[in-house]
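**Q** Structure file coords18.cif (mmCIF, C-alpha atoms) is given on the next line.
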data_data
#
loop_
_atom_site.label_atom_id
_atom_site.label_comp_id
_atom_site.auth_asym_id
_atom_site.auth_seq_id
_atom_site.Cartn_x
_atom_site.Cartn_y
_atom_site.Cartn_z
CA MET H 1 -27.28 3.06 1.70
CA LYS H 2 -24.38 2.03 3.95
CA GLN H 3 -24.81 -1.58 2.81
CA VAL H 4 -24.70 -0.51 -0.86
CA TRP H 5 -21.48 1.48 -0.28
CA ASN H 6 -20.00 -1.40 1.74
CA ILE H 7 -20.47 -3.90 -1.08
CA GLY H 8 -20.11 -1.38 -3.93
CA TYR H 9 -16.58 -0.23 -3.15
CA LYS H 10 -15.36 -3.81 -2.79
CA VAL H 11 -16.84 -4.84 -6.14
CA LEU H 12 -15.33 -1.70 -7.71
CA ALA H 13 -11.92 -2.46 -6.14
CA VAL H 14 -11.88 -6.04 -7.45
CA GLY H 15 -13.06 -4.95 -10.91
CA LEU H 16 -10.48 -2.19 -11.23
CA VAL H 17 -7.57 -4.33 -10.02
CA LEU H 18 -8.55 -7.18 -12.36
CA TYR H 19 -8.76 -4.68 -15.23
CA SER H 20 -5.40 -3.22 -14.25
CA ILE H 21 -3.74 -6.65 -14.22
CA THR H 22 -5.26 -8.09 -17.41
CA TYR H 23 -5.48 -5.02 -19.66
CA GLY H 24 -2.27 -3.54 -18.26
CA LEU H 25 -0.27 -6.66 -19.14
CA LEU H 26 -1.89 -7.38 -22.48
CA VAL H 27 -2.16 -3.94 -24.08
CA LYS H 28 0.66 -2.98 -26.43
CA MET H 29 2.34 0.06 -24.90
CA PRO H 30 3.52 2.81 -27.24
CA LEU H 31 7.31 3.18 -27.37
CA MET H 32 7.55 6.68 -25.94
CA ASN H 33 10.94 6.43 -24.32
CA ALA H 34 13.90 4.59 -25.76
CA LEU H 35 15.16 3.43 -22.40
CA TRP H 36 11.83 2.45 -20.86
CA GLY H 37 10.39 0.63 -23.87
CA GLN H 38 7.81 -1.90 -22.74
CA SER H 39 9.03 -1.74 -19.16
CA VAL H 40 6.86 1.40 -18.88
CA ARG H 41 4.29 -1.16 -17.68
CA GLY H 42 6.08 -0.97 -14.33
CA ILE H 43 4.43 2.41 -13.73
CA LEU H 44 0.99 0.73 -13.75
CA TYR H 45 1.76 -1.25 -10.60
CA HIS H 46 4.54 0.76 -8.92
CA VAL H 47 2.83 4.18 -8.67
CA PRO H 48 -0.56 2.92 -7.31
CA MET H 49 1.25 1.25 -4.38
CA TRP H 50 2.61 4.61 -3.21
CA PHE H 51 -0.71 6.35 -3.58
CA ALA H 52 -2.39 3.56 -1.59
CA GLU H 53 0.32 3.88 1.07
CA ILE H 54 -0.12 7.66 1.37
CA VAL H 55 -3.93 7.29 1.63
CA LEU H 56 -3.60 4.63 4.36
CA MET H 57 -1.01 6.60 6.31
CA THR H 58 -3.33 9.63 6.10
CA ILE H 59 -6.20 7.51 7.47
CA SER H 60 -3.87 6.32 10.22
CA VAL H 61 -2.80 9.83 11.27
CA VAL H 62 -6.43 11.08 11.20
CA PHE H 63 -7.40 8.34 13.67
CA SER H 64 -4.34 9.05 15.79
CA ILE H 65 -5.43 12.69 16.06
CA ARG H 66 -8.90 11.49 17.02
CA VAL H 67 -7.30 9.29 19.72
CA LEU H 68 -5.56 12.36 21.17
CA ARG H 69 -8.79 14.33 21.08
CA ALA H 70 -10.65 11.46 22.78
CA LEU H 71 -7.99 11.37 25.52
CA ASP H 72 -8.29 15.11 26.17
CA PRO H 73 -9.25 15.42 29.89
CA ASP H 74 -11.21 18.63 29.21
CA ARG H 75 -13.47 16.86 26.75
CA LYS H 76 -17.12 16.89 27.87
CA VAL H 77 -18.33 13.88 25.86
CA ARG H 78 -16.35 10.74 26.63
CA ILE H 79 -15.29 8.69 23.58
CA ASP H 80 -13.54 5.30 23.86
CA PRO H 81 -10.07 5.90 22.32
CA LEU H 82 -9.19 2.21 21.96
CA PRO H 83 -11.22 1.39 18.80
CA LEU H 84 -9.80 4.57 17.23
CA ASP H 85 -6.31 3.43 18.21
CA ILE H 86 -6.91 0.03 16.59
CA LYS H 87 -8.05 1.80 13.40
CA ALA H 88 -4.87 3.92 13.36
CA ARG H 89 -2.64 0.90 14.00
CA GLU H 90 -4.24 -1.28 11.32
CA ALA H 91 -4.14 1.52 8.72
CA ALA H 92 -0.40 1.97 9.40
CA LEU H 93 0.11 -1.80 9.08
CA VAL H 94 -1.63 -1.98 5.70
CA GLY H 95 0.28 1.18 4.69
CA ILE H 96 3.57 -0.61 5.46
CA LEU H 97 2.43 -3.53 3.30
CA PHE H 98 1.88 -1.14 0.37
CA ASN H 99 5.24 0.50 1.10
CA ALA H 100 6.90 -2.93 0.79
CA LEU H 101 4.98 -3.65 -2.44
CA GLY H 102 5.98 -0.23 -3.79
CA LEU H 103 9.63 -0.96 -3.05
CA ALA H 104 9.39 -4.47 -4.58
CA THR H 105 7.71 -3.27 -7.81
CA GLY H 106 10.24 -0.44 -8.05
CA ILE H 107 13.15 -2.84 -7.68
CA VAL H 108 11.79 -5.14 -10.40
CA TRP H 109 11.19 -2.20 -12.76
CA GLN H 110 14.61 -0.73 -12.07
CA ARG H 111 16.28 -4.13 -12.58
CA VAL H 112 14.96 -4.59 -16.13
CA THR H 113 15.32 -0.95 -17.18
CA TRP H 114 18.18 1.02 -15.63
CA GLY H 115 20.02 -1.99 -14.21
CA ASP H 116 19.59 -4.20 -17.28
CA SER H 117 23.24 -4.03 -18.32
CA LEU H 118 24.45 -5.06 -14.85
CA SER H 119 25.04 -8.59 -13.65
CA SER H 120 22.59 -10.09 -11.16
CA ASP H 121 25.47 -10.48 -8.69
CA ASP H 122 25.93 -6.71 -8.71
CA PHE H 123 24.02 -5.11 -5.82
CA ALA H 124 23.52 -1.94 -7.93
CA ALA H 125 21.39 -3.97 -10.35
CA TRP H 126 18.80 -4.39 -7.60
CA TRP H 127 19.29 -1.30 -5.45
CA ALA H 128 19.92 1.99 -7.30
CA TRP H 129 20.43 4.19 -4.20
CA ASP H 130 17.81 6.49 -5.69
CA PRO H 131 16.75 9.22 -3.16
CA ILE H 132 13.07 8.17 -3.13
CA GLN H 133 14.02 4.49 -2.83
CA VAL H 134 16.19 5.23 0.21
CA CYS H 135 13.61 7.64 1.70
CA ALA H 136 10.86 5.01 1.24
CA LEU H 137 12.98 2.50 3.13
CA VAL H 138 13.60 5.05 5.89
CA GLY H 139 9.85 5.75 6.02
CA MET H 140 9.17 2.04 6.39
CA LEU H 141 11.68 1.76 9.24
CA ILE H 142 10.06 4.79 10.97
CA TYR H 143 6.68 3.05 10.84
CA LEU H 144 8.15 -0.28 11.98
CA ALA H 145 9.50 1.64 14.99
CA TYR H 146 5.90 2.78 15.64
CA PHE H 147 4.94 -0.87 16.19
CA LEU H 148 8.02 -1.50 18.29
CA LEU H 149 7.16 1.50 20.47
CA ARG H 150 3.56 0.36 20.87
CA SER H 151 4.62 -3.11 21.93
CA SER H 152 6.65 -1.68 24.81
CA PHE H 153 3.52 -0.42 26.63
CA SER H 154 1.13 -2.83 28.29
CA GLU H 155 -1.43 -0.28 29.50
CA PRO H 156 -3.87 0.27 26.56
CA GLU H 157 -4.58 4.00 27.09
CA GLN H 158 -0.92 4.86 27.54
CA ARG H 159 -0.07 2.81 24.43
CA ALA H 160 -2.78 4.63 22.47
CA ARG H 161 -1.57 8.08 23.60
CA ILE H 162 2.16 7.52 22.99
CA GLY H 163 1.46 5.66 19.73
CA ALA H 164 -0.77 8.48 18.48
CA VAL H 165 1.83 11.16 19.23
CA TYR H 166 4.53 9.11 17.49
CA ASN H 167 2.25 8.49 14.51
CA VAL H 168 1.67 12.22 14.01
CA PHE H 169 5.45 12.79 13.93
CA ALA H 170 5.98 9.77 11.65
CA PHE H 171 3.43 11.10 9.17
CA ALA H 172 4.97 14.58 9.30
CA LEU H 173 8.32 12.96 8.42
CA LEU H 174 6.82 11.27 5.35
CA ILE H 175 6.30 14.69 3.72
CA PRO H 176 10.02 15.66 3.54
CA LEU H 177 10.97 12.03 2.84
CA PHE H 178 8.64 11.61 -0.14
CA PHE H 179 8.31 15.13 -1.49
CA VAL H 180 11.07 17.49 -0.32
CA ILE H 181 14.36 15.54 -0.13
CA PRO H 182 13.96 13.69 -3.50
CA ALA H 183 13.04 16.98 -5.22
CA MET H 184 16.40 18.42 -4.18
CA LEU H 185 18.53 15.47 -5.32
CA ASP H 186 19.23 13.76 -8.60
CA GLY H 187 17.47 10.45 -9.15
CA LEU H 188 15.48 8.15 -11.39
CA HIS H 189 12.02 9.32 -10.29
CA PRO H 190 10.15 12.10 -12.10
CA THR H 191 9.89 14.00 -8.81
CA SER H 192 13.69 14.17 -8.61
CA ASN H 193 15.54 17.34 -9.42
CA GLY H 194 17.69 15.93 -12.20
CA SER H 195 15.20 13.52 -13.74
CA GLU H 196 14.41 13.33 -17.46
CA ALA H 197 10.96 14.77 -16.64
CA GLY H 198 12.49 17.87 -15.12
CA GLY H 199 11.22 17.26 -11.60
CA GLY H 200 8.08 18.12 -9.71
CA SER H 201 5.70 15.56 -11.19
CA PHE H 202 4.66 12.03 -10.23
CA VAL H 203 4.27 10.84 -13.79
CA ALA H 204 7.00 11.88 -16.24
CA LYS H 205 5.55 14.60 -18.46
CA GLY H 206 5.56 13.70 -22.15
CA GLN H 207 6.79 10.16 -21.43
CA VAL H 208 3.47 8.48 -20.79
CA ASP H 209 0.46 8.68 -23.03
CA ASN H 210 -3.26 7.93 -22.75
CA THR H 211 -2.73 4.15 -23.05
CA VAL H 212 -0.78 4.30 -19.79
CA ARG H 213 -3.23 6.72 -18.15
CA MET H 214 -6.18 4.49 -19.09
CA VAL H 215 -4.74 1.74 -16.90
CA LEU H 216 -2.84 3.80 -14.33
CA TYR H 217 -5.67 5.93 -12.93
CA PRO H 218 -8.32 3.17 -12.57
CA GLY H 219 -5.58 0.92 -11.14
CA MET H 220 -4.66 3.59 -8.61
CA LEU H 221 -8.26 3.81 -7.41
CA GLY H 222 -8.56 0.00 -7.39
CA PHE H 223 -5.44 -0.55 -5.26
CA ILE H 224 -6.45 2.25 -2.85
CA LEU H 225 -9.90 0.66 -2.39
CA MET H 226 -8.30 -2.79 -1.92
CA GLY H 227 -6.16 -1.26 0.82
CA VAL H 228 -9.21 0.27 2.48
CA TRP H 229 -10.98 -3.10 2.33
CA LEU H 230 -8.00 -4.91 3.87
CA TRP H 231 -7.83 -2.23 6.57
CA GLU H 232 -11.53 -2.63 7.35
CA VAL H 233 -11.26 -6.44 7.69
CA ARG H 234 -8.14 -6.18 9.85
CA TYR H 235 -9.79 -3.56 12.07
CA ARG H 236 -12.90 -5.70 12.62
CA LEU H 237 -10.74 -8.76 13.33
CA SER H 238 -8.61 -6.84 15.86
CA LEU H 239 -11.71 -5.46 17.56
CA VAL H 240 -13.23 -8.95 17.92
CA ARG H 241 -9.91 -10.26 19.27
CA GLN H 242 -9.72 -7.39 21.74
CA ARG H 243 -13.26 -8.02 22.98
CA PHE H 244 -12.59 -11.75 23.41
CA GLU H 245 -9.42 -10.96 25.38
CA ASP H 246 -11.33 -8.50 27.59
CA TRP H 247 -14.08 -11.05 28.08
CA ALA H 248 -11.56 -13.81 28.96
CA ALA H 249 -9.73 -11.51 31.40
CA ASP H 250 -13.04 -10.52 33.00
CA ARG H 251 -14.03 -14.18 33.35
CA THR H 252 -10.67 -15.15 34.89
CA TYR H 253 -10.96 -12.27 37.35
CA THR H 254 -14.52 -13.33 38.34
CA MET H 255 -13.47 -16.99 38.79
CA GLU H 256 -10.43 -16.03 40.88
CA ASN H 257 -12.53 -13.86 43.18
CA ALA H 258 -15.50 -16.23 43.48
CA MET N 1 23.13 1.60 -39.71
CA PHE N 2 21.54 2.06 -36.27
CA LYS N 3 22.34 5.15 -34.29
CA GLY N 4 21.74 6.09 -30.63
CA THR N 5 18.17 5.90 -29.44
CA SER N 6 16.73 4.34 -32.61
CA PHE N 7 18.77 1.24 -31.83
CA LEU N 8 17.33 1.17 -28.32
CA PHE N 9 13.81 1.49 -29.73
CA LEU N 10 14.42 -1.50 -31.96
CA LEU N 11 15.84 -3.47 -29.06
CA GLN N 12 12.80 -2.72 -26.91
CA ASP N 13 10.47 -3.57 -29.78
CA HIS N 14 12.24 -6.88 -30.21
CA ARG N 15 11.82 -7.55 -26.48
CA GLN N 16 8.10 -6.87 -26.72
CA GLU N 17 7.75 -9.17 -29.70
CA PHE N 18 9.61 -11.83 -27.76
CA LEU N 19 7.36 -11.36 -24.71
CA PHE N 20 4.17 -11.73 -26.76
CA ALA N 21 5.41 -14.21 -29.35
CA SER N 22 6.74 -16.66 -26.76
CA GLU N 23 3.47 -16.16 -24.82
CA LYS N 24 5.46 -15.54 -21.65
CA ILE N 25 3.26 -12.54 -20.93
CA TYR N 26 0.31 -14.93 -20.47
CA ALA N 27 2.26 -16.95 -17.91
CA VAL N 28 3.11 -13.74 -16.04
CA MET N 29 -0.52 -12.63 -16.13
CA THR N 30 -1.78 -16.02 -14.94
CA ILE N 31 0.61 -16.03 -11.98
CA VAL N 32 -0.29 -12.44 -10.99
CA LEU N 33 -4.01 -13.26 -11.32
CA LEU N 34 -3.62 -16.41 -9.21
CA VAL N 35 -1.83 -14.46 -6.48
CA PHE N 36 -4.53 -11.78 -6.54
CA LEU N 37 -7.37 -14.32 -6.49
CA GLY N 38 -5.69 -16.15 -3.60
CA PHE N 39 -5.50 -12.88 -1.67
CA LEU N 40 -9.13 -12.15 -2.53
CA THR N 41 -10.24 -15.57 -1.28
CA TYR N 42 -8.36 -15.00 1.99
CA LEU N 43 -9.99 -11.57 2.37
CA LEU N 44 -13.51 -12.88 1.70
CA PHE N 45 -13.02 -15.90 3.97
CA THR N 46 -11.66 -13.73 6.82
CA SER N 47 -14.45 -11.19 6.35
CA ARG N 48 -17.11 -13.92 6.56
CA LYS N 49 -15.50 -15.42 9.66
CA VAL N 50 -15.31 -12.00 11.37
CA SER N 51 -18.99 -11.36 10.57
CA GLN N 52 -19.90 -14.69 12.25
CA LEU N 53 -17.82 -13.81 15.32
CA GLU N 54 -19.37 -10.33 15.52
CA LYS N 55 -22.83 -11.90 15.39
CA GLN N 56 -21.95 -14.41 18.14
CA MET N 57 -20.56 -11.62 20.32
CA LYS N 58 -23.67 -9.51 19.85
CA GLU N 59 -25.88 -12.48 20.82
CA PHE N 60 -23.72 -13.13 23.89
CA GLU N 61 -23.84 -9.46 24.98
CA ASP N 62 -27.62 -9.38 24.47
CA GLN N 63 -27.98 -12.48 26.67
CA LYS N 64 -25.74 -10.94 29.30
CA ASN N 65 -27.84 -7.76 29.42
#
Would you mind writing the file's structure down as structure tokens?
**A**
Amino acid sequence: MKQVWNIGYKVLAVGLVLYSITYGLLVKMPLMNALWGQSVRGILYHVPMWFAEIVLMTISVVFSIRVLRALDPDRKVRIDPLPLDIKAREAALVGILFNALGLATGIVWQRVTWGDSLSSDDFAAWWAWDPIQVCALVGMLIYLAYFLLRSSFSEPEQRARIGAVYNVFAFALLIPLFFVIPAMLDGLHPTSNGSEAGGGSFVAKGQVDNTVRMVLYPGMLGFILMGVWLWEVRYRLSLVRQRFEDWAADRTYTMENA
Amino acid sequence: MFKGTSFLFLLQDHRQEFLFASEKIYAVMTIVLLVFLGFLTYLLFTSRKVSQLEKQMKEFEDQKN
């Protein structure tokens, strides 16, 4: 059963992403919004990146909490926190990748839609200073600091403990950054207070139709599963690397003391 | 003749026609597909390599025990 799930979700991920790319680019989109026009296609690739990021950051914080529980001195059953810490770290890393892709797809979409009348030399054509755009960048910097913090500790258990605590706070910060602050300010996103959609929704109400939904929702699932697959491969690779390093250190120690 | 949003609709429609008529959309799709397939190849290759290493490590640990 595990084997079927292991292969099944990967096949599903590849199928859905291929469908999202081919059908999403070839289907004729209905002209539902005068400004968006055919650039509504941007939603098909921009929104799934954020959902994938949120899923991966959630996975990361769940494993960080498990690290803290494993390090609890009152715990009766001893669990090795280091593989859990590697899982949390790798999920955050893949989450950052999706954050960068979300920013990049947003910039491209914004450039051809809202910034179309501006010259390419104009910084505003590329960066709209939209609240979510800025908050996403801040979120990325917070998670980059997580890696910087981790690299400053050489002792694995200490690194796992401090990293896990920081990760919980970083995830807690994502909630106001993605959901609260943009909802209070004016911006281009449908979640923004002054948006055309009226705020409070991820997909602008009445401005996307079933053609968009037919590609958006399968694409969302596909990109999330691709992220999970990448996370799984990176976790296994890190674990193998860690074991080889432990083995090499053990061998050096034995040879030095022989 | 054209007023407000109707002009924008026509402009967008013209852009779409241009994108499909000049077949640029196929070039875009091909490039995106190539990037995705390249990433997929990397993922499959890495996954296979990691499986081999995991197998070797298991054999080594079994020998050690």
**Q** List, as an MDAnalysis selection string, every residue that the PyMOL selection byres ((chain H) within 10 of (chain N)) selects in the file provided.
**A** chainID H and resid 14 17:18 21:26 28:39 226 229:230 232:234 236:241 243:244
**Q** Write out as a VMD selection string each polymer residue whose atoms come within 7 Å of Phe98 (chain H), counting all atoms listed in the file; drop sequence neighbours fewer than 3 positions from it.
**A** chain H and resid 49 to 50 52 to 53 94 to 95 101 to 102
**Q** Can you tell me, as a PyMOL selection string, what residues are no more than 12 Å from Ala145 (chain H) when counting only C-alpha atoms, ignoring any on the same chain fewer than 4 positions away?
**A** chain H and resi 92-93+96+138-141+149-152+163+166-167+169-170
**Q** Mind giving me the straight-line distance from CA of Tyr143 (chain H) to CA of Tyr235 (chain H) in Å, one decimal?
**A**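 These two atoms are separated by 17.8 Å.
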**Q** Report as a PyMOL selection string the residues that result from applying the PyMOL selection byres ((chain H and resi 83) around 10) to the structure here.
**A** chain H and resi 63+67+79-82+84-89+160+235-236+238-239+242
**Q** Just the selected residues (C-alpha atoms), exported as a PDB file, in the frame of the given file, please.
**A**
ATOM      1  CA  PHE H  63      -7.400   8.340  13.670  1.00  0.00           C
ATOM      2  CA  VAL H  67      -7.300   9.290  19.720  1.00  0.00           C
ATOM      3  CA  ILE H  79     -15.290   8.690  23.580  1.00  0.00           C
ATOM      4  CA  ASP H  80     -13.540   5.300  23.860  1.00  0.00           C
ATOM      5  CA  PRO H  81     -10.070   5.900  22.320  1.00  0.00           C
ATOM      6  CA  LEU H  82      -9.190   2.210  21.960  1.00  0.00           C
ATOM      7  CA  LEU H  84      -9.800   4.570  17.230  1.00  0.00           C
ATOM      8  CA  ASP H  85      -6.310   3.430  18.210  1.00  0.00           C
ATOM      9  CA  ILE H  86      -6.910   0.030  16.590  1.00  0.00           C
ATOM     10  CA  LYS H  87      -8.050   1.800  13.400  1.00  0.00           C
ATOM     11  CA  ALA H  88      -4.870   3.920  13.360  1.00  0.00           C
ATOM     12  CA  ARG H  89      -2.640   0.900  14.000  1.00  0.00           C
ATOM     13  CA  ALA H 160      -2.780   4.630  22.470  1.00  0.00           C
ATOM     14  CA  TYR H 235      -9.790  -3.560  12.070  1.00  0.00           C
ATOM     15  CA  ARG H 236     -12.900  -5.700  12.620  1.00  0.00           C
ATOM     16  CA  SER H 238      -8.610  -6.840  15.860  1.00  0.00           C
ATOM     17  CA  LEU H 239     -11.710  -5.460  17.560  1.00  0.00           C
ATOM     18  CA  GLN H 242      -9.720  -7.390  21.740  1.00  0.00           C
TER      19      GLN H 242
END
**Q** Please tell me which residues are no farther than 7 Å from (-12.3, 3.6, -10.5) in the file, counting only C-alpha atoms, and write them as a ChimeraX atom specification.
**A** /H:12,16,218,221-222
**Q** Separation of CA of Thr41 (chain N) and CA of Val62 (chain H), in Å?
**A**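 Atom-to-atom, CA of Thr41 (chain N) and CA of Val62 (chain H) are spaced 29.7 Å apart.
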**Q** CA of Asp209 (chain H) to CA of Tyr19 (chain H): how many Å, to one decimal?
**A**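 We find that CA of Asp209 (chain H) and CA of Tyr19 (chain H) lie 18.0 Å from each other.
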**Q** The PyMOL selection byres ((chain H and resi 125-131) around 9) on the file shown: which residues, as an MDAnalysis selection string?
**A** chainID H and resid 107:108 110:112 114:124 132:136 177:178 181:183 185:189 192
**Q** Using all atoms listed in the file, which of H:Gln158, H:Thr105, H:Asn99, H:Asn210 sits nearest Val55 (chain H)?
**A** H:Asn99
**Q** Draw an axis-aligned box tight on the listed atoms of region 253-258 of chain H, then pad every side by 4 Å and write out centre and edge lengths in Å to one decimal as lines of an AutoDock Vina configuration file.
**A**
center_x = -13.0
center_y = -14.6
center_z = 40.4
size_x = 13.1
size_y = 12.7
size_z = 14.1
